[in-house]
>>> print(open('entry06.cif').read())   # mmCIF, C-alpha atoms, pLDDT in the B column; chains and numbers go by the auth columns
data_entry
#
loop_
_atom_site.group_PDB
_atom_site.id
_atom_site.type_symbol
_atom_site.label_atom_id
_atom_site.label_comp_id
_atom_site.label_asym_id
_atom_site.label_seq_id
_atom_site.Cartn_x
_atom_site.Cartn_y
_atom_site.Cartn_z
_atom_site.B_iso_or_equiv
_atom_site.auth_seq_id
_atom_site.auth_asym_id
ATOM 1 C CA MET A 1 80.526 150.142 99.720 56.00 1 A
ATOM 2 C CA LYS A 2 78.933 147.489 97.589 66.00 2 A
ATOM 3 C CA THR A 3 80.683 144.130 96.983 68.00 3 A
ATOM 4 C CA GLY A 4 78.822 143.255 93.820 79.00 4 A
ATOM 5 C CA LEU A 5 77.790 139.820 95.096 83.00 5 A
ATOM 6 C CA LYS A 6 74.147 138.877 94.693 89.00 6 A
ATOM 7 C CA LYS A 7 72.065 136.596 96.859 90.00 7 A
ATOM 8 C CA LYS A 8 72.644 133.680 94.462 92.00 8 A
ATOM 9 C CA ASP A 9 76.428 134.208 94.723 91.00 9 A
ATOM 10 C CA TRP A 10 76.273 133.945 98.526 91.00 10 A
ATOM 11 C CA VAL A 11 74.151 130.788 98.278 94.00 11 A
ATOM 12 C CA LEU A 12 76.702 129.238 95.903 94.00 12 A
ATOM 13 C CA ILE A 13 79.575 130.167 98.234 94.00 13 A
ATOM 14 C CA MET A 14 77.762 128.593 101.212 95.00 14 A
ATOM 15 C CA ILE A 15 77.070 125.399 99.221 96.00 15 A
ATOM 16 C CA ILE A 16 80.746 125.105 98.262 96.00 16 A
ATOM 17 C CA ILE A 17 81.839 125.612 101.880 96.00 17 A
ATOM 18 C CA CYS A 18 79.345 122.977 103.110 95.00 18 A
ATOM 19 C CA VAL A 19 80.487 120.443 100.503 95.00 19 A
ATOM 20 C CA ALA A 20 84.125 121.056 101.457 94.00 20 A
ATOM 21 C CA TRP A 21 83.389 120.501 105.158 93.00 21 A
ATOM 22 C CA LEU A 22 81.376 117.368 104.387 91.00 22 A
ATOM 23 C CA THR A 23 84.268 115.983 102.364 86.00 23 A
ATOM 24 C CA VAL A 24 86.683 116.599 105.238 84.00 24 A
ATOM 25 C CA LEU A 25 84.337 114.964 107.761 82.00 25 A
ATOM 26 C CA VAL A 26 83.769 111.910 105.559 79.00 26 A
ATOM 27 C CA HIS A 27 87.517 111.507 105.091 69.00 27 A
ATOM 28 C CA ILE A 28 88.175 111.772 108.831 68.00 28 A
ATOM 29 C CA PHE A 29 85.413 109.472 110.068 68.00 29 A
ATOM 30 C CA ILE A 30 84.973 106.953 107.266 61.00 30 A
ATOM 31 C CA GLY A 31 88.261 107.015 105.339 53.00 31 A
ATOM 32 C CA GLY A 32 90.414 106.716 108.453 49.00 32 A
ATOM 33 C CA LYS A 33 88.878 103.419 109.538 47.00 33 A
ATOM 34 C CA GLY A 34 89.979 101.504 106.450 46.00 34 A
ATOM 35 C CA ALA A 35 93.367 103.119 106.264 52.00 35 A
ATOM 36 C CA ASN A 36 96.614 102.131 107.942 85.00 36 A
ATOM 37 C CA ARG A 37 96.175 98.419 107.502 92.00 37 A
ATOM 38 C CA VAL A 38 98.716 95.646 107.225 94.00 38 A
ATOM 39 C CA ILE A 39 97.674 93.164 104.560 96.00 39 A
ATOM 40 C CA VAL A 40 99.225 89.690 104.654 96.00 40 A
ATOM 41 C CA LYS A 41 99.161 87.670 101.438 96.00 41 A
ATOM 42 C CA ILE A 42 100.262 84.072 100.969 95.00 42 A
ATOM 43 C CA GLU A 43 100.754 82.908 97.381 94.00 43 A
ATOM 44 C CA GLY A 44 98.930 86.066 96.237 92.00 44 A
ATOM 45 C CA ALA A 45 95.773 85.476 98.299 94.00 45 A
ATOM 46 C CA ILE A 46 94.920 87.693 101.267 94.00 46 A
ATOM 47 C CA GLN A 47 95.224 85.667 104.460 95.00 47 A
ATOM 48 C CA ASP A 48 94.829 88.346 107.145 94.00 48 A
ATOM 49 C CA THR A 49 94.463 92.069 107.660 95.00 49 A
ATOM 50 C CA TYR A 50 95.705 93.834 110.790 95.00 50 A
ATOM 51 C CA ASN A 51 95.345 97.389 112.055 92.00 51 A
ATOM 52 C CA LEU A 52 98.691 99.189 112.110 90.00 52 A
ATOM 53 C CA SER A 53 97.732 100.983 115.336 87.00 53 A
ATOM 54 C CA GLU A 54 97.145 97.739 117.302 91.00 54 A
ATOM 55 C CA GLU A 55 100.416 96.304 118.559 93.00 55 A
ATOM 56 C CA GLY A 56 101.059 92.571 118.630 95.00 56 A
ATOM 57 C CA GLU A 57 102.854 89.522 117.268 96.00 57 A
ATOM 58 C CA TYR A 58 101.060 87.417 114.674 96.00 58 A
ATOM 59 C CA GLU A 59 101.958 83.988 113.286 95.00 59 A
ATOM 60 C CA ILE A 60 101.729 83.808 109.520 94.00 60 A
ATOM 61 C CA ASN A 61 101.489 80.787 107.249 90.00 61 A
ATOM 62 C CA GLY A 62 101.157 78.243 110.047 90.00 62 A
ATOM 63 C CA GLY A 63 104.032 79.749 112.004 90.00 63 A
ATOM 64 C CA THR A 64 106.655 79.918 109.255 93.00 64 A
ATOM 65 C CA ASN A 65 106.803 83.700 109.788 95.00 65 A
ATOM 66 C CA VAL A 66 106.039 85.974 112.747 96.00 66 A
ATOM 67 C CA LEU A 67 104.862 89.530 112.060 97.00 67 A
ATOM 68 C CA LEU A 68 105.482 92.237 114.664 96.00 68 A
ATOM 69 C CA ILE A 69 103.396 95.411 114.751 96.00 69 A
ATOM 70 C CA ARG A 70 104.748 98.054 117.127 94.00 70 A
ATOM 71 C CA ASN A 71 104.737 101.870 117.214 91.00 71 A
ATOM 72 C CA GLY A 72 102.760 102.096 113.975 89.00 72 A
ATOM 73 C CA LYS A 73 105.281 99.979 112.047 93.00 73 A
ATOM 74 C CA ALA A 74 105.295 96.373 110.867 95.00 74 A
ATOM 75 C CA SER A 75 108.336 94.132 110.656 96.00 75 A
ATOM 76 C CA MET A 76 109.084 90.454 110.238 96.00 76 A
ATOM 77 C CA LEU A 77 110.247 89.211 113.623 95.00 77 A
ATOM 78 C CA GLU A 78 110.983 85.583 112.693 96.00 78 A
ATOM 79 C CA ALA A 79 111.052 83.384 109.609 96.00 79 A
ATOM 80 C CA ASP A 80 112.148 79.813 108.991 95.00 80 A
ATOM 81 C CA CYS A 81 113.598 80.621 105.566 92.00 81 A
ATOM 82 C CA PRO A 82 117.363 80.133 105.062 93.00 82 A
ATOM 83 C CA ASP A 83 118.322 83.651 103.898 93.00 83 A
ATOM 84 C CA GLN A 84 116.389 85.684 106.543 94.00 84 A
ATOM 85 C CA LEU A 85 116.156 88.685 104.179 95.00 85 A
ATOM 86 C CA CYS A 86 112.623 89.488 105.319 95.00 86 A
ATOM 87 C CA VAL A 87 113.729 89.550 108.974 96.00 87 A
ATOM 88 C CA HIS A 88 116.576 91.972 108.249 96.00 88 A
ATOM 89 C CA GLN A 89 114.405 94.349 106.229 95.00 89 A
ATOM 90 C CA LYS A 90 113.540 97.710 107.857 95.00 90 A
ATOM 91 C CA PRO A 91 110.094 98.141 109.465 95.00 91 A
ATOM 92 C CA ILE A 92 107.409 99.414 107.104 94.00 92 A
ATOM 93 C CA ALA A 93 104.712 102.016 107.812 90.00 93 A
ATOM 94 C CA LEU A 94 104.009 103.972 104.624 88.00 94 A
ATOM 95 C CA ASN A 95 101.520 103.287 101.865 86.00 95 A
ATOM 96 C CA ARG A 96 102.536 100.502 99.440 89.00 96 A
ATOM 97 C CA GLU A 97 105.689 99.533 101.353 93.00 97 A
ATOM 98 C CA SER A 98 106.126 95.783 101.619 95.00 98 A
ATOM 99 C CA ILE A 99 108.112 92.971 103.155 97.00 99 A
ATOM 100 C CA ILE A 100 108.481 89.887 100.990 96.00 100 A
ATOM 101 C CA CYS A 101 109.567 86.418 102.043 95.00 101 A
ATOM 102 C CA LEU A 102 110.100 84.540 98.756 94.00 102 A
ATOM 103 C CA PRO A 103 110.818 81.048 100.157 94.00 103 A
ATOM 104 C CA ASN A 104 107.557 81.073 102.160 94.00 104 A
ATOM 105 C CA LYS A 105 105.600 83.042 99.493 95.00 105 A
ATOM 106 C CA VAL A 106 104.543 85.668 102.064 96.00 106 A
ATOM 107 C CA VAL A 107 103.944 89.340 101.223 96.00 107 A
ATOM 108 C CA VAL A 108 103.202 91.905 103.933 96.00 108 A
ATOM 109 C CA GLU A 109 101.992 95.241 102.547 95.00 109 A
ATOM 110 C CA ILE A 110 100.853 98.534 104.075 93.00 110 A
ATOM 111 C CA GLU A 111 97.659 100.194 102.918 89.00 111 A
ATOM 112 C CA SER A 112 97.625 103.714 104.279 77.00 112 A
ATOM 113 C CA GLY A 113 96.901 107.332 103.547 64.00 113 A
ATOM 114 C CA THR A 114 100.482 108.247 104.396 57.00 114 A
ATOM 115 C CA SER A 115 103.070 108.134 101.656 54.00 115 A
ATOM 116 C CA ARG A 116 106.653 109.270 101.383 56.00 116 A
ATOM 117 C CA GLU A 117 108.207 111.979 99.310 58.00 117 A
ATOM 118 C CA PHE A 118 109.982 111.118 96.069 58.00 118 A
ATOM 119 C CA ASP A 119 113.664 110.265 96.392 56.00 119 A
ATOM 120 C CA ALA A 120 114.383 111.373 92.847 59.00 120 A
ATOM 121 C CA VAL A 121 112.710 112.072 89.552 63.00 121 A
ATOM 122 C CA THR A 122 114.039 110.530 86.348 68.00 122 A
ATOM 123 C CA ARG A 123 113.121 110.671 82.702 65.00 123 A
#
>>> encode(input="entry06.cif", output="structure tokens")
Amino acid sequence: MKTGLKKKDWVLIMIIICVAWLTVLVHIFIGGKGANRVIVKIEGAIQDTYNLSEEGEYEINGGTNVLLIRNGKASMLEADCPDQLCVHQKPIALNRESIICLPNKVVVEIESGTSREFDAVTR
């Protein structure tokens, strides 16, 4: 039984498979290192960047805020602002989620390859 594929077809198939595997390997080894970061901005400028997989407590903005990274999630542990909205906000872990402390002009944002599903679609 003849498949009808020529030598050039097999070469093309092998090239496509190799490119696909290379893409997966590059994503795993290079893309993963820059992903899952916590970016801290003060007045719009990046102050610090932390790895979401490394647990710890970090003082932000001279100690006005304390960021907690635990179990792959970031949350605001303490803040000296009067409303404490940033402290009561849920921990963040998914791409583009953020915690904002308006009185202290602090923004904590996640940069990650993981995103959430849509809650709803509107027109």
>>> atom_distance(input="entry06.cif", atom1="CA of Asp83 (chain A)", atom2="CA of Asn51 (chain A)")
28.0 Å
>>> resolve_selection(input="entry06.cif", expression="the PyMOL selection byres ((chain A and resi 54-56) around 12)", output="list in words")
Asn36, Arg37, Val38, Thr49, Tyr50, Asn51, Leu52, Ser53, Glu57, Tyr58, Glu59, Val66, Leu67, Leu68, Ile69, Arg70, Asn71, Gly72, Lys73, Ala74, Ser75, Met76 and Leu77 of chain A
>>> write_last_selection(input="entry06.cif", atoms="C-alpha atoms", output="mmCIF file, in the coordinates of the input")
data_model
loop_
_atom_site.group_PDB
_atom_site.id
_atom_site.type_symbol
_atom_site.label_atom_id
_atom_site.label_comp_id
_atom_site.auth_asym_id
_atom_site.auth_seq_id
_atom_site.Cartn_x
_atom_site.Cartn_y
_atom_site.Cartn_z
ATOM 1 C CA ASN A 36 96.614 102.131 107.942
ATOM 2 C CA ARG A 37 96.175 98.419 107.502
ATOM 3 C CA VAL A 38 98.716 95.646 107.225
ATOM 4 C CA THR A 49 94.463 92.069 107.660
ATOM 5 C CA TYR A 50 95.705 93.834 110.790
ATOM 6 C CA ASN A 51 95.345 97.389 112.055
ATOM 7 C CA LEU A 52 98.691 99.189 112.110
ATOM 8 C CA SER A 53 97.732 100.983 115.336
ATOM 9 C CA GLU A 57 102.854 89.522 117.268
ATOM 10 C CA TYR A 58 101.060 87.417 114.674
ATOM 11 C CA GLU A 59 101.958 83.988 113.286
ATOM 12 C CA VAL A 66 106.039 85.974 112.747
ATOM 13 C CA LEU A 67 104.862 89.530 112.060
ATOM 14 C CA LEU A 68 105.482 92.237 114.664
ATOM 15 C CA ILE A 69 103.396 95.411 114.751
ATOM 16 C CA ARG A 70 104.748 98.054 117.127
ATOM 17 C CA ASN A 71 104.737 101.870 117.214
ATOM 18 C CA GLY A 72 102.760 102.096 113.975
ATOM 19 C CA LYS A 73 105.281 99.979 112.047
ATOM 20 C CA ALA A 74 105.295 96.373 110.867
ATOM 21 C CA SER A 75 108.336 94.132 110.656
ATOM 22 C CA MET A 76 109.084 90.454 110.238
ATOM 23 C CA LEU A 77 110.247 89.211 113.623
#
>>> atom_distance(input="entry06.cif", atom1="CA of Val24 (chain A)", atom2="CA of Ser98 (chain A)")
28.7 Å
>>> resolve_selection(input="entry06.cif", expression="the PyMOL selection byres ((chain A and resi 41-45) around 8)", output="PDB file with C-alpha atoms, in the frame of the given file")
ATOM      1  CA  ILE A  39      97.674  93.164 104.560  1.00 96.00           C
ATOM      2  CA  VAL A  40      99.225  89.690 104.654  1.00 96.00           C
ATOM      3  CA  ILE A  46      94.920  87.693 101.267  1.00 94.00           C
ATOM      4  CA  GLN A  47      95.224  85.667 104.460  1.00 95.00           C
ATOM      5  CA  ASP A  48      94.829  88.346 107.145  1.00 94.00           C
ATOM      6  CA  ASN A  61     101.489  80.787 107.249  1.00 90.00           C
ATOM      7  CA  ASN A 104     107.557  81.073 102.160  1.00 94.00           C
ATOM      8  CA  LYS A 105     105.600  83.042  99.493  1.00 95.00           C
ATOM      9  CA  VAL A 106     104.543  85.668 102.064  1.00 96.00           C
ATOM     10  CA  VAL A 107     103.944  89.340 101.223  1.00 96.00           C
ATOM     11  CA  VAL A 108     103.202  91.905 103.933  1.00 96.00           C
TER      12      VAL A 108
END
>>> resolve_selection(input="entry06.cif", expression="the PyMOL selection byres ((chain A and resi 96) around 9)", output="JSON, numbers by chain")
{"A": [93, 94, 95, 97, 98, 109, 110, 111, 112, 115]}
>>> atom_distance(input="entry06.cif", atom1="CA of Gly4 (chain A)", atom2="CA of Val19 (chain A)")
23.8 Å
